[in-house]
Amino acid sequence: MSTPGEYYQRDRTWHPPALTRNYKTSVSRSPQYALISLQNSVGEITGPVFGHGDIDPLDNDLLLNYAQPGESAIGERIIVHGRVLDENGHPVPNTLVEAWQANAGGRYRHKKDTYLAPIDANFGGCGRTLTDENGYYYFRTVKPGAYPWRNGVNDWRPAHVHMSIFGSGFAQRLITQCYFEGDPLIARCPIINTIPDRAAQGQLIAALDMNATIPLDSIAYKFDIVLRGRRSTLFENRLEGN
Amino acid sequence: MTQELSYLKETPSQTAGPYVHIGLAPGAAGFDIYKEELGWEIAGPNAGGERIRVEGVVVDGIGSPIKDVLLEAWQANSEGIYPHPESAGDVEEDFRGWGRVITDFETGEWAFESVKPGRTRGRNVGMQAPHIHLWLVARGINIGLHTRMYFEDEPEANAEDPVLNIVEWERRRSTLIAKRSERAEKIVYRFDIKLQGEDETVFFDV
Ligand SMILES: [Fe+2]
């Protein structure tokens, strides 16, 4: 019989390295020494468990979750949906997905954001949801606007939604960003370009998904998320973490 | 030609950016949206063990405290049990084991309250010393950094901890050990994290 063991080693060549000079803030915030590799023990294969008591059903609807009654956020109405899978292709059920983004004008509801585009009174800009038994999740929101940021003198972030995902073990913890198919700013973005591999970058670009659109209502983008997979411990190398 | 492996690739990481608070701690961004934010309580009143406060700053390569970090903590209860089906045993019902804190926008100080964790079994042999897993993200950090906080007042347990012992340089091990003090009858552990420079904190590829 096989039992789930430790997580597959992270392919660090697929992720951005810590030091990426074209994303200037990383220069003074990137550790210089090599990471120390650790085989998983119980604290890495376990992680926080969330349930439906932790969140509200409306939390994944950014059109309405901060809007006054009868009002809605302004912008292009979209659905961002997909599955959370592991590297073995298995769904990751009941895991917490949190999302945050700028409004349709590219402005964040954050006391540190001073961009001149206006706040939308009916848009908070965050949502959260639990995947179902098939690993499926969705958010309803507005398409975020591009915005300028201080890096180069004229750098612009492509439209993006920030995503935070837990998985089952703390070793799977991940934060990433979801971009949108066809955006010409993606290729110029110093942040997606921290990822060296083109195919890896492509994994962050949600596809226009006409089959999931709601006619006369909302357009849809599909964004699947892959977390680390686990070994099956067939013979030795048993993980005696508990 | 060989057969193809059918593994998927992990989704690449991206920085959490400067506005991480909107998603993970909206109150700090300046608005109230959820019935309850997640991660504000690691160990509720029913959790056993010594009550502790953990605090510190995260310092960049210039030597300045970083003011837009978000940290998450993950730990066992005072009996060494994690609140997860793969950790044998039960925990107190209000022991969550997980918490989330942000740094003060002015000073960069962060702090959380918890209970001191117990020892846990090592991967193969032996026992691990009490420790708290910390994971930090911020603008300028491309992939979340994992580290561990150990306790100064556990010298024997620390000496035989299998993880501390794979850190080859003794001087670097000390970056993982929090300093204990008492303040207003509270037990306080200080754990400053340095991203670069002399005494850079040990980070793990877990
Ligand atoms: Fe952003």
# chains A, B, ... in the order shown; residues from 1 in each chain; ligands from 1

$ residues_near_ligand --ligand "ligand 1" --cutoff "8 Å" --atoms "only C-alpha atoms and all ligand atoms" --output "number ranges by chain"
A: 101-102, 157, 160-162; B: 16-19

$ residues_around --residues "Ser28 (chain A)" --least-positions-apart "6" --cutoff "10 Å" --atoms "only C-alpha atoms" --output "list in words"
Leu19 and Arg21 of chain A; Val59, Asp60, Gly61, Ile62, Gly63, Ser64, Gly140, Ile141, Leu195, Gln196 and Gly197 of chain B

$ write_last_selection --atoms "N, CA, C and O atoms" --output "compact mmCIF listing (two decimals), in the first residue's frame"
# COMPACT_ATOMS: atom_id res chain seq x y z
N LEU A 19 16.98 37.19 -6.78
CA LEU A 19 17.59 38.43 -7.26
C LEU A 19 17.29 38.61 -8.75
O LEU A 19 17.72 37.81 -9.58
N ARG A 21 17.44 41.85 -11.23
CA ARG A 21 17.83 43.26 -11.20
C ARG A 21 16.85 44.20 -11.89
O ARG A 21 16.76 45.38 -11.54
N VAL B 59 14.64 43.00 8.12
CA VAL B 59 15.58 44.04 7.71
C VAL B 59 16.10 43.73 6.31
O VAL B 59 16.44 42.59 6.00
N ASP B 60 16.16 44.75 5.46
CA ASP B 60 16.66 44.56 4.09
C ASP B 60 18.18 44.70 4.03
O ASP B 60 18.84 44.90 5.07
N GLY B 61 18.73 44.64 2.84
CA GLY B 61 20.18 44.67 2.67
C GLY B 61 20.81 46.01 3.00
O GLY B 61 22.02 46.12 3.20
N ILE B 62 19.99 47.06 3.05
CA ILE B 62 20.50 48.38 3.42
C ILE B 62 20.58 48.50 4.95
O ILE B 62 21.22 49.40 5.48
N GLY B 63 19.85 47.61 5.62
CA GLY B 63 19.77 47.69 7.08
C GLY B 63 18.49 48.34 7.57
O GLY B 63 18.35 48.61 8.76
N SER B 64 17.56 48.58 6.68
CA SER B 64 16.29 49.24 7.06
C SER B 64 15.20 48.20 7.29
O SER B 64 15.08 47.25 6.52
N GLY B 140 9.17 42.95 -3.77
CA GLY B 140 10.60 42.69 -3.92
C GLY B 140 11.03 41.28 -3.55
O GLY B 140 12.18 40.93 -3.76
N ILE B 141 10.12 40.50 -3.00
CA ILE B 141 10.41 39.08 -2.71
C ILE B 141 9.64 38.26 -3.75
O ILE B 141 8.41 38.26 -3.76
N LEU B 195 17.43 39.85 5.68
CA LEU B 195 17.38 39.28 4.33
C LEU B 195 18.76 39.20 3.69
O LEU B 195 18.96 38.41 2.76
N GLN B 196 19.68 40.04 4.13
CA GLN B 196 21.01 40.07 3.53
C GLN B 196 22.02 40.51 4.58
O GLN B 196 21.65 40.98 5.65
N GLY B 197 23.27 40.41 4.19
CA GLY B 197 24.34 41.02 4.98
C GLY B 197 24.84 40.12 6.09
O GLY B 197 24.57 38.92 6.11

$ select_by_dssp --residues "region 13-112 of chain A" --states "alpha helix (DSSP H)" --output "PDB file with C-alpha atoms, in the first residue's frame"
ATOM      1  CA  VAL A  42       5.493  16.874   9.830  1.00  0.00           C
ATOM      2  CA  GLY A  43       5.413  20.665   9.952  1.00  0.00           C
ATOM      3  CA  GLU A  44       5.908  20.940   6.200  1.00  0.00           C
ATOM      4  CA  ILE A  45       3.401  18.279   5.106  1.00  0.00           C
TER       5      ILE A  45
END

$ interface_residues --of "chain B" --to "chain A" --cutoff "7 Å" --atoms "only C-alpha atoms" --output "ChimeraX atom specification"
/B:7-16,19,22-23,29-30,33,60-62,84,86-88,98,121-124,140-143,195-196,203-206

$ closest_residue --among "B:Leu164, B:Val20, B:Val125, B:Ala73" --to "Glu113 (chain B)" --atoms "only C-alpha atoms"
B:Ala73

$ atom_distance --atom1 "CA of Gly167 (chain A)" --atom2 "CA of Thr95 (chain A)"
5.5 Å

$ closest_residue --among "B:Gly118, B:Gly108, B:Gly27, B:Gly56" --to "Phe191 (chain B)" --atoms "only C-alpha atoms"
B:Gly56

$ residues_around --residues "Glu93 (chain B)" --least-positions-apart "5" --cutoff "9 Å" --atoms "only C-alpha atoms" --output "PDB file with all heavy atoms, in the first residue's frame"
ATOM      1  N   GLY B  44      -6.314  30.003  20.806  1.00  0.00           N
ATOM      2  CA  GLY B  44      -7.400  30.581  21.595  1.00  0.00           C
ATOM      3  C   GLY B  44      -7.214  30.328  23.074  1.00  0.00           C
ATOM      4  O   GLY B  44      -6.262  29.657  23.499  1.00  0.00           O
ATOM      5  N   ASN B  46      -8.459  28.349  25.168  1.00  0.00           N
ATOM      6  CA  ASN B  46      -8.413  26.965  25.665  1.00  0.00           C
ATOM      7  C   ASN B  46      -7.111  26.243  25.368  1.00  0.00           C
ATOM      8  O   ASN B  46      -6.906  25.116  25.822  1.00  0.00           O
ATOM      9  CB  ASN B  46      -9.573  26.156  25.073  1.00  0.00           C
ATOM     10  CG  ASN B  46     -10.924  26.676  25.535  1.00  0.00           C
ATOM     11  OD1 ASN B  46     -11.102  26.979  26.713  1.00  0.00           O
ATOM     12  ND2 ASN B  46     -11.850  26.816  24.612  1.00  0.00           N
ATOM     13  N   ALA B  47      -6.269  26.844  24.565  1.00  0.00           N
ATOM     14  CA  ALA B  47      -5.009  26.181  24.210  1.00  0.00           C
ATOM     15  C   ALA B  47      -4.082  26.148  25.416  1.00  0.00           C
ATOM     16  O   ALA B  47      -3.887  27.166  26.086  1.00  0.00           O
ATOM     17  CB  ALA B  47      -4.353  26.901  23.038  1.00  0.00           C
TER      18      ALA B  47
END

$ select_by_dssp --residues "region 70-140 of chain B" --states "strand (DSSP E or B)" --output "PyMOL selection string"
chain B and resi 70-75+95+98-102+109-115+120-121+127-128+131-137
